[in-house]
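To be precise, the following lines are data05.pdb, and they hold PDB, C-alpha atoms.
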ATOM      1  CA  MET A   1    -188.882 195.213 -26.843
ATOM      2  CA  GLY A   2    -188.161 196.893 -30.168
ATOM      3  CA  ASN A   3    -184.426 196.808 -29.503
ATOM      4  CA  PHE A   4    -184.632 193.113 -28.600
ATOM      5  CA  ILE A   5    -186.369 192.341 -31.915
ATOM      6  CA  ILE A   6    -183.740 194.295 -33.855
ATOM      7  CA  ARG A   7    -180.929 192.465 -32.059
ATOM      8  CA  THR A   8    -182.576 189.092 -32.693
ATOM      9  CA  LEU A   9    -183.200 189.741 -36.396
ATOM     10  CA  SER A  10    -179.720 191.111 -37.045
ATOM     11  CA  ALA A  11    -178.168 188.154 -35.193
ATOM     12  CA  ALA A  12    -180.282 185.709 -37.222
ATOM     13  CA  VAL A  13    -179.334 187.302 -40.549
ATOM     14  CA  PHE A  14    -175.688 187.448 -39.513
ATOM     15  CA  ALA A  15    -175.684 183.768 -38.507
ATOM     16  CA  ILE A  16    -177.428 182.643 -41.719
ATOM     17  CA  VAL A  17    -175.021 184.542 -43.966
ATOM     18  CA  LEU A  18    -172.000 183.299 -42.055
ATOM     19  CA  LEU A  19    -173.126 179.660 -41.955
ATOM     20  CA  ALA A  20    -174.027 179.733 -45.650
ATOM     21  CA  GLY A  21    -170.656 181.251 -46.491
ATOM     22  CA  ILE A  22    -168.848 178.608 -44.497
ATOM     23  CA  SER A  23    -170.696 175.514 -45.655
ATOM     24  CA  LEU A  24    -172.197 175.894 -49.125
ATOM     25  CA  HIS A  25    -169.276 176.351 -51.517
ATOM     26  CA  PRO A  26    -165.635 177.530 -51.525
ATOM     27  CA  ILE A  27    -166.558 180.570 -53.639
ATOM     28  CA  GLY A  28    -169.242 181.489 -51.112
ATOM     29  CA  PHE A  29    -166.609 181.141 -48.391
ATOM     30  CA  LEU A  30    -164.354 183.462 -50.385
ATOM     31  CA  ALA A  31    -167.058 186.076 -50.927
ATOM     32  CA  VAL A  32    -168.316 186.181 -47.336
ATOM     33  CA  PHE A  33    -164.970 186.209 -45.559
ATOM     34  CA  LEU A  34    -163.289 188.543 -48.019
ATOM     35  CA  ALA A  35    -166.118 191.018 -47.380
ATOM     36  CA  ILE A  36    -165.806 190.537 -43.606
ATOM     37  CA  THR A  37    -162.034 191.004 -43.826
ATOM     38  CA  LEU A  38    -162.316 194.283 -45.741
ATOM     39  CA  MET A  39    -165.069 195.611 -43.466
ATOM     40  CA  GLY A  40    -163.041 194.672 -40.402
ATOM     41  CA  VAL A  41    -159.898 196.386 -41.669
ATOM     42  CA  PHE A  42    -161.889 199.482 -42.639
ATOM     43  CA  GLU A  43    -163.435 199.541 -39.166
ATOM     44  CA  PHE A  44    -160.005 199.162 -37.539
ATOM     45  CA  TYR A  45    -158.584 202.083 -39.516
ATOM     46  CA  LYS A  46    -161.542 204.283 -38.535
ATOM     47  CA  LEU A  47    -160.861 203.463 -34.872
ATOM     48  CA  ALA A  48    -157.134 204.100 -35.346
ATOM     49  CA  LYS A  49    -157.907 207.695 -36.319
ATOM     50  CA  LYS A  50    -159.201 208.215 -32.789
ATOM     51  CA  ALA A  51    -155.698 207.327 -31.595
ATOM     52  CA  ASN A  52    -154.273 210.383 -33.403
ATOM     53  CA  SER A  53    -153.012 208.464 -36.410
ATOM     54  CA  SER A  54    -153.801 208.493 -40.116
ATOM     55  CA  PRO A  55    -153.433 204.931 -41.454
ATOM     56  CA  GLN A  56    -153.258 204.425 -45.207
ATOM     57  CA  LEU A  57    -156.808 203.267 -45.838
ATOM     58  CA  ILE A  58    -156.587 202.370 -49.528
ATOM     59  CA  THR A  59    -153.154 200.730 -49.444
ATOM     60  CA  GLY A  60    -153.979 198.849 -46.245
ATOM     61  CA  MET A  61    -157.267 197.533 -47.592
ATOM     62  CA  LEU A  62    -155.676 196.553 -50.922
ATOM     63  CA  ALA A  63    -152.957 194.645 -49.061
ATOM     64  CA  SER A  64    -155.536 193.029 -46.768
ATOM     65  CA  GLY A  65    -157.715 191.904 -49.669
ATOM     66  CA  THR A  66    -154.669 190.631 -51.547
ATOM     67  CA  LEU A  67    -153.544 188.665 -48.486
ATOM     68  CA  PHE A  68    -156.922 186.964 -48.157
ATOM     69  CA  LEU A  69    -157.154 186.267 -51.910
ATOM     70  CA  GLY A  70    -153.587 184.988 -51.921
ATOM     71  CA  CYS A  71    -154.290 182.477 -49.153
ATOM     72  CA  PHE A  72    -157.470 181.309 -50.892
ATOM     73  CA  VAL A  73    -155.848 180.962 -54.314
ATOM     74  CA  ALA A  74    -152.801 179.208 -52.817
ATOM     75  CA  ASN A  75    -155.043 176.567 -51.246
ATOM     76  CA  TYR A  76    -157.825 176.248 -53.840
ATOM     77  CA  PHE A  77    -155.809 176.641 -57.038
ATOM     78  CA  ASN A  78    -152.323 175.834 -55.704
ATOM     79  CA  ASN A  79    -150.989 179.127 -57.056
ATOM     80  CA  THR A  80    -148.952 181.527 -54.931
ATOM     81  CA  SER A  81    -148.071 184.190 -57.505
ATOM     82  CA  ILE A  82    -150.507 186.706 -55.992
ATOM     83  CA  PHE A  83    -148.241 186.986 -52.944
ATOM     84  CA  LEU A  84    -145.780 188.902 -55.164
ATOM     85  CA  LEU A  85    -148.361 191.695 -55.386
ATOM     86  CA  LEU A  86    -148.790 191.562 -51.612
ATOM     87  CA  GLY A  87    -145.060 192.026 -51.176
ATOM     88  CA  VAL A  88    -145.103 195.089 -53.426
ATOM     89  CA  LEU A  89    -148.022 196.616 -51.511
ATOM     90  CA  LEU A  90    -146.309 196.096 -48.152
ATOM     91  CA  VAL A  91    -143.117 197.735 -49.400
ATOM     92  CA  MET A  92    -145.155 200.657 -50.740
ATOM     93  CA  ILE A  93    -146.615 201.524 -47.310
ATOM     94  CA  PRO A  94    -143.515 203.290 -45.908
ATOM     95  CA  ILE A  95    -142.746 204.782 -49.338
ATOM     96  CA  ILE A  96    -146.222 206.279 -49.640
ATOM     97  CA  GLU A  97    -145.902 207.748 -46.159
ATOM     98  CA  LEU A  98    -142.956 209.832 -47.358
ATOM     99  CA  TYR A  99    -145.302 211.799 -49.612
ATOM    100  CA  ARG A 100    -148.405 212.069 -47.406
ATOM    101  CA  LYS A 101    -147.181 214.932 -45.190
ATOM    102  CA  LYS A 102    -149.271 213.663 -42.276
ATOM    103  CA  GLU A 103    -148.475 213.985 -38.593
ATOM    104  CA  ASN A 104    -147.099 210.950 -36.722
ATOM    105  CA  PRO A 105    -145.759 209.151 -39.827
ATOM    106  CA  PHE A 106    -144.410 206.133 -37.978
ATOM    107  CA  ALA A 107    -147.691 205.710 -36.089
ATOM    108  CA  ASN A 108    -149.456 205.865 -39.458
ATOM    109  CA  ILE A 109    -147.222 203.128 -40.866
ATOM    110  CA  ALA A 110    -147.594 201.064 -37.685
ATOM    111  CA  PHE A 111    -151.387 201.256 -37.616
ATOM    112  CA  THR A 112    -151.581 200.487 -41.348
ATOM    113  CA  LEU A 113    -149.508 197.340 -40.852
ATOM    114  CA  LEU A 114    -151.319 196.448 -37.635
ATOM    115  CA  GLY A 115    -154.655 196.455 -39.448
ATOM    116  CA  ILE A 116    -153.236 193.888 -41.867
ATOM    117  CA  ILE A 117    -151.654 191.754 -39.144
ATOM    118  CA  TYR A 118    -154.331 192.006 -36.453
ATOM    119  CA  VAL A 119    -157.437 191.795 -38.684
ATOM    120  CA  ALA A 120    -156.658 190.590 -42.211
ATOM    121  CA  LEU A 121    -154.119 187.896 -41.339
ATOM    122  CA  PRO A 122    -156.369 185.906 -38.952
ATOM    123  CA  PHE A 123    -159.243 185.913 -41.457
ATOM    124  CA  SER A 124    -156.825 184.936 -44.227
ATOM    125  CA  LEU A 125    -155.583 181.985 -42.168
ATOM    126  CA  LEU A 126    -159.146 180.644 -42.110
ATOM    127  CA  ASN A 127    -158.356 179.475 -45.642
ATOM    128  CA  TYR A 128    -155.800 177.085 -44.192
ATOM    129  CA  LEU A 129    -158.418 175.802 -41.761
ATOM    130  CA  ALA A 130    -160.796 175.227 -44.687
ATOM    131  CA  PHE A 131    -158.061 173.506 -46.716
ATOM    132  CA  PRO A 132    -156.070 171.854 -43.921
ATOM    133  CA  PHE A 133    -154.624 168.797 -45.637
ATOM    134  CA  ASN A 134    -152.862 170.282 -48.688
ATOM    135  CA  ASP A 135    -155.186 168.355 -51.025
ATOM    136  CA  GLN A 136    -157.117 171.342 -52.466
ATOM    137  CA  GLN A 137    -160.262 169.868 -50.895
ATOM    138  CA  PHE A 138    -162.614 172.200 -49.040
ATOM    139  CA  HIS A 139    -163.266 171.033 -45.448
ATOM    140  CA  TYR A 140    -165.856 173.485 -44.177
ATOM    141  CA  GLU A 141    -166.428 171.330 -41.093
ATOM    142  CA  ILE A 142    -163.310 172.559 -39.315
ATOM    143  CA  VAL A 143    -164.112 176.252 -39.820
ATOM    144  CA  LEU A 144    -167.712 175.594 -38.809
ATOM    145  CA  GLY A 145    -166.568 173.727 -35.712
ATOM    146  CA  VAL A 146    -164.274 176.555 -34.631
ATOM    147  CA  PHE A 147    -167.020 179.159 -34.962
ATOM    148  CA  VAL A 148    -169.574 177.000 -33.138
ATOM    149  CA  MET A 149    -167.067 176.488 -30.326
ATOM    150  CA  ILE A 150    -166.492 180.248 -30.118
ATOM    151  CA  TRP A 151    -170.245 180.859 -29.943
ATOM    152  CA  ALA A 152    -170.602 178.127 -27.298
ATOM    153  CA  ASN A 153    -167.824 179.705 -25.233
ATOM    154  CA  ASP A 154    -169.352 183.191 -25.471
ATOM    155  CA  THR A 155    -172.885 181.988 -24.745
ATOM    156  CA  GLY A 156    -171.859 179.715 -21.894
ATOM    157  CA  ALA A 157    -169.698 182.403 -20.296
ATOM    158  CA  TYR A 158    -172.524 184.931 -20.536
ATOM    159  CA  LEU A 159    -175.253 182.676 -19.133
ATOM    160  CA  VAL A 160    -173.165 181.286 -16.287
ATOM    161  CA  GLY A 161    -171.610 184.678 -15.542
ATOM    162  CA  VAL A 162    -174.953 186.471 -15.348
ATOM    163  CA  ASN A 163    -176.390 183.903 -12.959
ATOM    164  CA  PHE A 164    -173.388 182.848 -10.875
ATOM    165  CA  GLY A 165    -170.535 185.263 -11.584
ATOM    166  CA  LYS A 166    -168.999 186.790  -8.455
ATOM    167  CA  HIS A 167    -165.235 186.883  -9.006
ATOM    168  CA  ARG A 168    -164.054 189.312 -11.682
ATOM    169  CA  LEU A 169    -161.773 187.893 -14.374
ATOM    170  CA  PHE A 170    -160.092 191.111 -15.565
ATOM    171  CA  GLU A 171    -161.967 194.001 -14.002
ATOM    172  CA  ARG A 172    -159.642 196.739 -15.291
ATOM    173  CA  ILE A 173    -160.467 195.909 -18.914
ATOM    174  CA  SER A 174    -163.796 194.072 -18.829
ATOM    175  CA  PRO A 175    -165.679 194.581 -15.540
ATOM    176  CA  LYS A 176    -168.531 192.205 -16.385
ATOM    177  CA  LYS A 177    -166.479 189.069 -17.074
ATOM    178  CA  SER A 178    -166.147 186.573 -14.242
ATOM    179  CA  TRP A 179    -164.144 183.448 -13.512
ATOM    180  CA  GLU A 180    -167.392 181.522 -13.034
ATOM    181  CA  GLY A 181    -168.544 182.568 -16.485
ATOM    182  CA  SER A 182    -165.218 181.614 -18.043
ATOM    183  CA  ILE A 183    -165.318 178.168 -16.446
ATOM    184  CA  GLY A 184    -168.919 177.660 -17.563
ATOM    185  CA  GLY A 185    -168.026 178.701 -21.109
ATOM    186  CA  ALA A 186    -165.057 176.336 -21.098
ATOM    187  CA  ILE A 187    -167.152 173.356 -20.036
ATOM    188  CA  ILE A 188    -169.786 174.004 -22.703
ATOM    189  CA  THR A 189    -167.094 174.510 -25.349
ATOM    190  CA  LEU A 190    -165.458 171.181 -24.535
ATOM    191  CA  VAL A 191    -168.850 169.466 -24.742
ATOM    192  CA  VAL A 192    -169.314 171.009 -28.208
ATOM    193  CA  ALA A 193    -165.798 169.848 -29.154
ATOM    194  CA  TRP A 194    -166.687 166.312 -28.096
ATOM    195  CA  LEU A 195    -169.910 166.454 -30.114
ATOM    196  CA  TYR A 196    -167.965 167.756 -33.117
ATOM    197  CA  SER A 197    -165.674 164.715 -33.096
ATOM    198  CA  SER A 198    -168.778 162.503 -32.934
ATOM    199  CA  PHE A 199    -170.389 164.040 -36.038
ATOM    200  CA  PHE A 200    -167.328 164.751 -38.208
ATOM    201  CA  ASN A 201    -164.281 162.621 -38.861
ATOM    202  CA  ASP A 202    -161.813 165.312 -39.965
ATOM    203  CA  LEU A 203    -160.378 165.463 -36.462
ATOM    204  CA  SER A 204    -159.985 162.881 -33.721
ATOM    205  CA  LEU A 205    -161.470 163.407 -30.274
ATOM    206  CA  ILE A 206    -158.169 164.580 -28.777
ATOM    207  CA  GLN A 207    -157.582 166.959 -31.704
ATOM    208  CA  SER A 208    -161.054 168.411 -31.345
ATOM    209  CA  LEU A 209    -160.593 168.866 -27.584
ATOM    210  CA  VAL A 210    -157.251 170.613 -28.132
ATOM    211  CA  ILE A 211    -158.971 173.033 -30.509
ATOM    212  CA  GLY A 212    -161.699 173.509 -27.891
ATOM    213  CA  VAL A 213    -159.108 174.450 -25.262
ATOM    214  CA  THR A 214    -157.480 176.787 -27.799
ATOM    215  CA  VAL A 215    -160.829 178.470 -28.432
ATOM    216  CA  VAL A 216    -161.504 178.908 -24.710
ATOM    217  CA  PHE A 217    -158.141 180.461 -23.892
ATOM    218  CA  PHE A 218    -157.333 182.523 -26.972
ATOM    219  CA  GLY A 219    -160.963 183.446 -27.628
ATOM    220  CA  SER A 220    -161.157 185.021 -24.183
ATOM    221  CA  ILE A 221    -157.822 186.783 -24.699
ATOM    222  CA  GLY A 222    -159.004 188.058 -28.089
ATOM    223  CA  ASP A 223    -162.092 189.532 -26.451
ATOM    224  CA  LEU A 224    -159.978 191.257 -23.796
ATOM    225  CA  VAL A 225    -157.485 192.625 -26.337
ATOM    226  CA  GLU A 226    -160.266 194.186 -28.411
ATOM    227  CA  SER A 227    -161.811 195.623 -25.233
ATOM    228  CA  LEU A 228    -158.410 197.074 -24.293
ATOM    229  CA  PHE A 229    -158.129 198.725 -27.709
ATOM    230  CA  LYS A 230    -161.604 200.240 -27.443
ATOM    231  CA  ARG A 231    -160.978 201.483 -23.910
ATOM    232  CA  SER A 232    -157.728 203.119 -25.003
ATOM    233  CA  ILE A 233    -159.632 205.263 -27.515
ATOM    234  CA  GLN A 234    -162.754 205.550 -25.328
ATOM    235  CA  VAL A 235    -165.354 203.929 -27.586
ATOM    236  CA  LYS A 236    -168.027 201.435 -26.606
ATOM    237  CA  ASP A 237    -168.444 199.568 -29.905
ATOM    238  CA  SER A 238    -166.043 199.131 -32.806
ATOM    239  CA  GLY A 239    -168.823 200.037 -35.256
ATOM    240  CA  ASN A 240    -172.556 199.843 -35.899
ATOM    241  CA  ILE A 241    -172.822 197.606 -38.952
ATOM    242  CA  LEU A 242    -174.769 194.997 -36.949
ATOM    243  CA  PRO A 243    -177.749 196.693 -35.247
ATOM    244  CA  GLY A 244    -177.681 195.979 -31.532
ATOM    245  CA  HIS A 245    -174.416 194.039 -31.747
ATOM    246  CA  GLY A 246    -171.770 196.613 -32.601
ATOM    247  CA  GLY A 247    -169.235 196.251 -35.371
ATOM    248  CA  ILE A 248    -167.276 193.550 -37.176
ATOM    249  CA  LEU A 249    -164.450 193.596 -34.628
ATOM    250  CA  ASP A 250    -166.971 193.245 -31.786
ATOM    251  CA  ARG A 251    -168.440 190.115 -33.364
ATOM    252  CA  PHE A 252    -165.144 188.550 -34.455
ATOM    253  CA  ASP A 253    -162.788 189.581 -31.645
ATOM    254  CA  ALA A 254    -162.260 185.963 -30.572
ATOM    255  CA  ILE A 255    -161.386 184.627 -34.039
ATOM    256  CA  LEU A 256    -158.615 187.214 -34.401
ATOM    257  CA  LEU A 257    -156.462 185.217 -31.972
ATOM    258  CA  VAL A 258    -158.105 181.803 -32.275
ATOM    259  CA  SER A 259    -157.554 181.485 -36.031
ATOM    260  CA  PRO A 260    -153.722 181.846 -35.931
ATOM    261  CA  MET A 261    -153.419 179.413 -33.027
ATOM    262  CA  VAL A 262    -155.662 176.765 -34.629
ATOM    263  CA  PHE A 263    -153.651 177.259 -37.832
ATOM    264  CA  VAL A 264    -150.450 176.533 -35.908
ATOM    265  CA  PHE A 265    -152.026 173.443 -34.374
ATOM    266  CA  LEU A 266    -153.269 172.065 -37.680
ATOM    267  CA  GLN A 267    -150.057 172.789 -39.569
ATOM    268  CA  VAL A 268    -147.394 171.989 -37.008
ATOM    269  CA  ILE A 269    -148.652 170.033 -34.014
ATOM    270  CA  LYS A 270    -151.581 168.007 -35.320
ATOM    271  CA  GLU A 271    -149.536 164.951 -36.314
ATOM    272  CA  PHE A 272    -148.549 164.392 -32.687
ATOM    273  CA  PHE A 273    -152.197 163.773 -31.719
ATOM    274  CA  HIS A 274    -153.124 160.998 -34.163
TER     275      HIS A 274
END

Could I get this file's structure written as structure tokens?
Amino acid sequence: MGNFIIRTLSAAVFAIVLLAGISLHPIGFLAVFLAITLMGVFEFYKLAKKANSSPQLITGMLASGTLFLGCFVANYFNNTSIFLLLGVLLVMIPIIELYRKKENPFANIAFTLLGIIYVALPFSLLNYLAFPFNDQQFHYEIVLGVFVMIWANDTGAYLVGVNFGKHRLFERISPKKSWEGSIGGAIITLVVAWLYSSFFNDLSLIQSLVIGVTVVFFGSIGDLVESLFKRSIQVKDSGNILPGHGGILDRFDAILLVSPMVFVFLQVIKEFFH
């Protein structure tokens, strides 16, 4: 009972902070997601050490923070000069490795860059979801909709899977996931996508449904990829920052693949669905 209360309270606080960061003000969005980005990258580098590598923690986190800030500033202030600093930091990673005298230098470089690409880049692309129309106007509704769809998919898959799941989805990596749960999560997600288009006018019904399908497919893949990473280094949770819920990567595994794909949809394909 005590553990259930801790899980409930931590989930409530997490949800309140996240929803406030998304919806109240662009600067709040910046503060919350920059913090999540840095914590996620830090967590990834700690896990990478279990894979016999020594990623460059400081340089990687500086580059990750600069990437997120650069995407925010480019959209909110229409200024891209900060990306010059990002370029310098990325070039410095292999140079710094020359002087570190650590084992597995190329693995160190690879894991340092992977933390930026796998964790920081997807969070940074959320800026383009929040400013999707190149008008420097903050549209929190799209980011909010994506996260609500992810939560609907996870919740629906869990509830349906627990009660009706019989056929394993990917037993080698995640033994508890079932096809029944995945289908249930998909149906609930598409209902949420339909409701989103009814309440907000940023996206049409077909656009919202396409994002819903994107969330279902790539959210599930993101979950499996993070599970694969944890299994490869034999850990249960990516961290313990959220009592009863694991770490940042555990809570945001879906967005790590969903965010880039929704970005592609909004930037490249969206016009075809008007």

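The shell of residues at most 9 Å from region 41-43 of chain A, with all atoms listed in the file counted and near chain neighbours (fewer than 5 positions) removed, consists of Ile36, Ala48, Leu57, Gly60, Met61, Ser64, Gly115, Ile116, Tyr118, Val119, Ala120, Ser238, Gly239, Gly247, Ile248 and Leu249 of chain A.
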
With region 13-19 of chain A as the partner and 10 Å as the cut-off, tabulate the residues of region 113-184 of chain A that qualify, each row holding the nearest pair of atoms and their distance in Å to one decimal, using only C-alpha atoms, sorted by chain and rising number, as a Markdown table.
| residue | atom | partner | partner_atom | distance |
| --- | --- | --- | --- | --- |
| A:Tyr140 | CA | A:Leu19 | CA | 9.8 |
| A:Val143 | CA | A:Leu19 | CA | 9.9 |
| A:Leu144 | CA | A:Leu19 | CA | 7.5 |
| A:Phe147 | CA | A:Leu19 | CA | 9.3 |
| A:Val148 | CA | A:Leu19 | CA | 9.9 |

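Selection result for the displayed file, with the PyMOL selection byres ((chain A and resi 65) around 10) as criterion, is A:Leu34, A:Ala35, A:Thr37, A:Leu38, A:Val41, A:Thr59, A:Gly60, A:Met61, A:Leu62, A:Ala63, A:Ser64, A:Thr66, A:Leu67, A:Phe68, A:Leu69, A:Gly70, A:Leu86, A:Ile116, A:Ala120, A:Leu121, A:Ser124.
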
Do you have, as JSON lines, the list of residues of region 211-274 of chain A lying at most 8 Å from region 189-195 of chain A, each with its nearest atom pair and that distance in Å to one decimal, counting only C-alpha atoms and ordered by chain then number?
{"residue": "A:Ile211", "atom": "CA", "partner": "A:Ala193", "partner_atom": "CA", "distance": 7.7}
{"residue": "A:Gly212", "atom": "CA", "partner": "A:Leu190", "partner_atom": "CA", "distance": 5.6}
{"residue": "A:Val213", "atom": "CA", "partner": "A:Leu190", "partner_atom": "CA", "distance": 7.2}
{"residue": "A:Val216", "atom": "CA", "partner": "A:Thr189", "partner_atom": "CA", "distance": 7.1}

Can you write just those residues out, C-alpha atoms, as an mmCIF file, in the coordinates of the input?
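In the end it all went to result31.cif:
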data_model
loop_
_atom_site.group_PDB
_atom_site.id
_atom_site.type_symbol
_atom_site.label_atom_id
_atom_site.label_comp_id
_atom_site.auth_asym_id
_atom_site.auth_seq_id
_atom_site.Cartn_x
_atom_site.Cartn_y
_atom_site.Cartn_z
ATOM 1 C CA ILE A 211 -158.971 173.033 -30.509
ATOM 2 C CA GLY A 212 -161.699 173.509 -27.891
ATOM 3 C CA VAL A 213 -159.108 174.450 -25.262
ATOM 4 C CA VAL A 216 -161.504 178.908 -24.710
#

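A straight line drawn from CA of Leu114 (chain A) to CA of Asp237 (chain A) is 19.0 Å long.
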
Once the PyMOL selection byres ((chain A and resi 162) around 10) is applied to the coordinates I shared, what remains selected? I want it as an mmCIF file with C-alpha atoms, keeping the file's coordinate frame.
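selection.cif was written with the following content:
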data_model
loop_
_atom_site.group_PDB
_atom_site.id
_atom_site.type_symbol
_atom_site.label_atom_id
_atom_site.label_comp_id
_atom_site.auth_asym_id
_atom_site.auth_seq_id
_atom_site.Cartn_x
_atom_site.Cartn_y
_atom_site.Cartn_z
ATOM 1 C CA GLY A 156 -171.859 179.715 -21.894
ATOM 2 C CA ALA A 157 -169.698 182.403 -20.296
ATOM 3 C CA TYR A 158 -172.524 184.931 -20.536
ATOM 4 C CA LEU A 159 -175.253 182.676 -19.133
ATOM 5 C CA VAL A 160 -173.165 181.286 -16.287
ATOM 6 C CA GLY A 161 -171.610 184.678 -15.542
ATOM 7 C CA ASN A 163 -176.390 183.903 -12.959
ATOM 8 C CA PHE A 164 -173.388 182.848 -10.875
ATOM 9 C CA GLY A 165 -170.535 185.263 -11.584
ATOM 10 C CA LYS A 166 -168.999 186.790 -8.455
ATOM 11 C CA LYS A 176 -168.531 192.205 -16.385
ATOM 12 C CA LYS A 177 -166.479 189.069 -17.074
ATOM 13 C CA SER A 178 -166.147 186.573 -14.242
ATOM 14 C CA GLU A 180 -167.392 181.522 -13.034
ATOM 15 C CA GLY A 181 -168.544 182.568 -16.485
#

field: Residue with smallest distance to Ala110 (chain A) - pool A:Pro132, A:Gly219, A:Pro26, A:Pro94, counting only C-alpha atoms
entry: A:Pro94

field: Interatomic distance, CA of Ser208 (chain A) to CA of Asp250 (chain A) (Å, one decimal)
entry: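 Atom-to-atom, CA of Ser208 (chain A) and CA of Asp250 (chain A) are spaced 25.5 Å apart.
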
message: What's the separation between CA of Phe77 (chain A) and CA of Asn201 (chain A), in Å to one decimal place?
response: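 Distance between the two atoms: 24.5 Å.
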
field: Result set, the PyMOL selection byres ((chain A and resi 50) around 12) on current file, as a PyMOL selection string
entry: chain A and resi 43-49+51-55+111+229-235+238

- request: Find the residues near Glu97 (chain A): any atom within 9 Å, counting all atoms listed in the file, skip ones fewer than 5 places away on the same chain, and give them as a ChimeraX atom specification.
  value: /A:56,92,102,105-106,108-109
